[in-house]
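Here the structure is laid out as structure tokens; the discussion comes afterwards.
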Amino acid sequence: MSRLDSAIRRLEAQRACLDHAARLIETVPGPVVELGLGNGRSYDHLRTLLPAREIFAFDRQIDAHPDCVPDARHLVLGDFKDTLPTALRRIGAGAALVHADTGTGESQRNAKLAAWLSPRLVAITTAGGVIISDQELVGIKAAPLPLPKGVAAGRYFLYRAG
Ligand SMILES: C[S@@+](CC[C@H](N)C(=O)[O-])C[C@H]1O[C@@H](n2cnc3c(N)ncnc32)[C@H](O)[C@@H]1O
């Protein structure tokens, strides 16, 4: 598979998981967390899917399309290692949905960050809330959920917080 095919499949899987998770959290109260604002694409998709939810976006820098930069209250700038430990205070309540899109082309770095993030993502998610991640989470108390139709195993990861 070419890298272009792989990128397209990753984005299709991401969109399918975001759409699916938006339905799964219909009755779950709480804000949404976007971890990795990046270009702002998935943030923009989330705010289109969930217009009534508060969405907090985390990143170390602003690199998003100007239309996709959250207001100052909903943008948390800094390294995750500095911003996540106090994230619950910032977002005000456990998140109904956390989307972690933090990967780069470096698999070792991705695995290391995913291991660090895993318990911290669960800690900011309300009971019954959903975590979507581009990396597999490890050693967490959250049940893996089936992927939506058409998403190959291992391409994206979905969990329900206990
Ligand atoms: C794949 S991009 C996100 C793409 C974005 N979700 C979109 O749809 O446009 C990953 C983002 O995570 C951010 N990131 C990665 N590691 C981070 C860290 N340790 N602390 C803060 N931000 C980090 C990067 O700056 C980058 O913008």
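Lettering and numbering for the structure tokens are positional, with chains as A, B, ... in the shown order, residues counted from 1 in each chain, and ligands counted from 1 in the shown order.
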Check your understanding: Using only C-alpha atoms and all ligand atoms, which protein or nucleic acid residues are at most 9 Å from ligand 1, as a PyMOL selection string?
Key -> chain A and resi 11+14+34-45+58-65+77-83+99-104+110+113+134
Please produce a file of the residues just selected, as a tab-separated table (two decimals), in the first residue's frame, where the atoms kept are C-alpha atoms.
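This is the output file out.tsv:
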chain	number	residue	atom	x	y	z
A	11	LEU	CA	-8.42	9.67	7.68
A	14	GLN	CA	-10.74	8.65	11.83
A	34	GLU	CA	-9.37	17.06	21.14
A	35	LEU	CA	-5.79	16.08	21.92
A	36	GLY	CA	-3.67	17.23	18.99
A	37	LEU	CA	-5.34	20.21	17.31
A	38	GLY	CA	-2.82	20.09	14.47
A	39	ASN	CA	-4.33	21.49	11.30
A	40	GLY	CA	-7.75	21.59	12.98
A	41	ARG	CA	-9.40	19.09	10.64
A	42	SER	CA	-10.75	16.65	13.21
A	43	TYR	CA	-11.57	19.53	15.59
A	44	ASP	CA	-13.67	21.08	12.81
A	45	HIS	CA	-15.39	17.74	12.22
A	58	PHE	CA	-4.84	20.69	23.34
A	59	ASP	CA	-1.58	21.15	21.44
A	60	ARG	CA	1.87	22.47	22.06
A	61	GLN	CA	1.43	25.10	19.34
A	62	ILE	CA	-1.12	26.70	17.05
A	63	ASP	CA	-0.70	25.26	13.58
A	64	ALA	CA	-4.36	25.14	12.59
A	65	HIS	CA	-6.27	26.73	9.76
A	77	LEU	CA	-1.39	25.30	24.73
A	78	GLY	CA	1.68	23.46	25.96
A	79	ASP	CA	3.21	20.01	26.08
A	80	PHE	CA	0.69	17.34	27.12
A	81	LYS	CA	3.04	16.49	29.99
A	82	ASP	CA	2.40	19.96	31.40
A	83	THR	CA	-1.24	20.46	30.43
A	99	HIS	CA	-10.10	12.11	20.72
A	100	ALA	CA	-6.34	11.60	20.83
A	101	ASP	CA	-4.69	12.19	17.46
A	102	THR	CA	-1.08	12.56	18.47
A	103	GLY	CA	0.85	10.27	16.18
A	104	THR	CA	3.76	11.05	13.90
A	110	ASN	CA	4.23	7.15	19.30
A	113	LEU	CA	3.66	8.83	24.21
A	134	ASP	CA	-4.92	6.86	16.74
Exercise for review: Output as a count of residues only all residues of range 44-155 of chain A that backbone DSSP marks as strand (DSSP E).
Suggested key: 26
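If you look at CA of Pro85 in chain A and CA of Glu136 in chain A, they are 20.5 Å away from each other.
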Exercise for review: Would you please give, as a PyMOL selection string, all residues of chain A that DSSP assigns to helix (DSSP H, G or I) based on the backbone?
Suggested key: chain A and resi 3-24+41-49+66-68+72-74+80-91+107-123
Exercise for review: Determine the nearest neighbour of Arg155 in chain A from the options A:Leu117, A:Ile132, A:Ile55, A:Ala72, counting only C-alpha atoms.
Suggested key: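 Among the listed residues, the smallest separation from Arg155 in chain A belongs to A:Ile132.
Proximity to Gly94 in chain A was assessed for A:Arg109, A:Arg47, A:Arg120, A:Lys149 counting only C-alpha atoms; the smallest distance is recorded for A:Arg120.
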Review point. Nearest to Val122 in chain A: which of A:Ala52, A:Arg3, A:Arg89, A:Arg160 is it, counting only C-alpha atoms?
Key: A:Arg160
Check your understanding: Within 12 Å of Leu145 in chain A, counting only C-alpha atoms, which residues qualify if same-chain residues fewer than 5 places away don't, as a PyMOL selection string?
Key -> chain A and resi 17+20-21+24+128-133+153+156-162
Kindly save the residues from that selection, with N, CA, C and O atoms included, as a CSV table (one decimal), in the first residue's frame.
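Result went into part-v1.csv, see below:
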chain,number,residue,atom,x,y,z
A,17,CYS,N,-14.8,6.8,13.0
A,17,CYS,CA,-14.8,6.7,14.4
A,17,CYS,C,-15.3,7.9,15.1
A,17,CYS,O,-16.1,7.8,16.1
A,20,HIS,N,-19.1,7.7,14.7
A,20,HIS,CA,-19.6,6.6,15.5
A,20,HIS,C,-19.7,7.1,17.0
A,20,HIS,O,-20.7,6.9,17.7
A,21,ALA,N,-18.6,7.6,17.4
A,21,ALA,CA,-18.5,8.0,18.8
A,21,ALA,C,-19.5,9.1,19.2
A,21,ALA,O,-20.0,9.2,20.3
A,24,LEU,N,-22.4,7.4,20.1
A,24,LEU,CA,-22.3,6.6,21.3
A,24,LEU,C,-22.4,7.5,22.6
A,24,LEU,O,-22.8,7.1,23.6
A,128,GLY,N,-18.5,6.0,31.4
A,128,GLY,CA,-19.4,5.8,30.2
A,128,GLY,C,-19.0,6.6,29.0
A,128,GLY,O,-19.6,6.5,27.9
A,129,GLY,N,-18.0,7.5,29.2
A,129,GLY,CA,-17.5,8.3,28.1
A,129,GLY,C,-16.7,7.5,27.1
A,129,GLY,O,-16.3,6.3,27.5
A,130,VAL,N,-16.4,8.0,26.0
A,130,VAL,CA,-15.7,7.3,24.9
A,130,VAL,C,-14.3,7.9,24.6
A,130,VAL,O,-14.2,9.1,24.6
A,131,ILE,N,-13.3,7.1,24.5
A,131,ILE,CA,-12.0,7.5,24.0
A,131,ILE,C,-11.7,7.0,22.7
A,131,ILE,O,-11.9,5.8,22.4
A,132,ILE,N,-11.3,7.9,21.8
A,132,ILE,CA,-10.9,7.4,20.4
A,132,ILE,C,-9.4,7.8,20.3
A,132,ILE,O,-9.0,8.9,20.7
A,133,SER,N,-8.6,6.9,19.8
A,133,SER,CA,-7.2,7.1,19.7
A,133,SER,C,-6.6,6.6,18.4
A,133,SER,O,-7.0,5.5,18.0
A,153,ALA,N,-9.1,-3.4,11.8
A,153,ALA,CA,-8.5,-3.6,13.2
A,153,ALA,C,-7.1,-3.0,13.2
A,153,ALA,O,-6.3,-3.2,12.3
A,156,TYR,N,-7.5,2.4,14.1
A,156,TYR,CA,-7.9,3.4,15.0
A,156,TYR,C,-8.4,2.6,16.2
A,156,TYR,O,-8.7,1.4,16.1
A,157,PHE,N,-8.5,3.2,17.4
A,157,PHE,CA,-8.9,2.5,18.6
A,157,PHE,C,-10.0,3.2,19.4
A,157,PHE,O,-9.9,4.5,19.5
A,158,LEU,N,-10.9,2.4,19.9
A,158,LEU,CA,-12.1,3.0,20.6
A,158,LEU,C,-12.2,2.3,21.9
A,158,LEU,O,-12.1,1.1,22.0
A,159,TYR,N,-12.5,3.1,23.0
A,159,TYR,CA,-12.7,2.5,24.3
A,159,TYR,C,-13.8,3.2,25.0
A,159,TYR,O,-14.1,4.4,24.8
A,160,ARG,N,-14.5,2.5,25.9
A,160,ARG,CA,-15.5,3.0,26.8
A,160,ARG,C,-14.9,3.1,28.2
A,160,ARG,O,-14.5,2.1,28.7
A,161,ALA,N,-14.9,4.3,28.8
A,161,ALA,CA,-14.4,4.4,30.1
A,161,ALA,C,-15.3,3.8,31.2
A,161,ALA,O,-16.5,4.0,31.0
A,162,GLY,N,-14.8,3.1,32.2
A,162,GLY,CA,-15.6,2.4,33.2
A,162,GLY,C,-16.1,3.4,34.3
A,162,GLY,O,-15.7,4.5,34.3
Revision key, fill the gap. CA of Ala87 in chain A sits from CA of Arg15 in chain A at a separation of 24.9 Å
Point to revise | Atomic distance CA of Ala96 in chain A - CA of Arg10 in chain A, expressed in Å with one decimal | key: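 Going from CA of Ala96 in chain A over to CA of Arg10 in chain A covers 23.1 Å.
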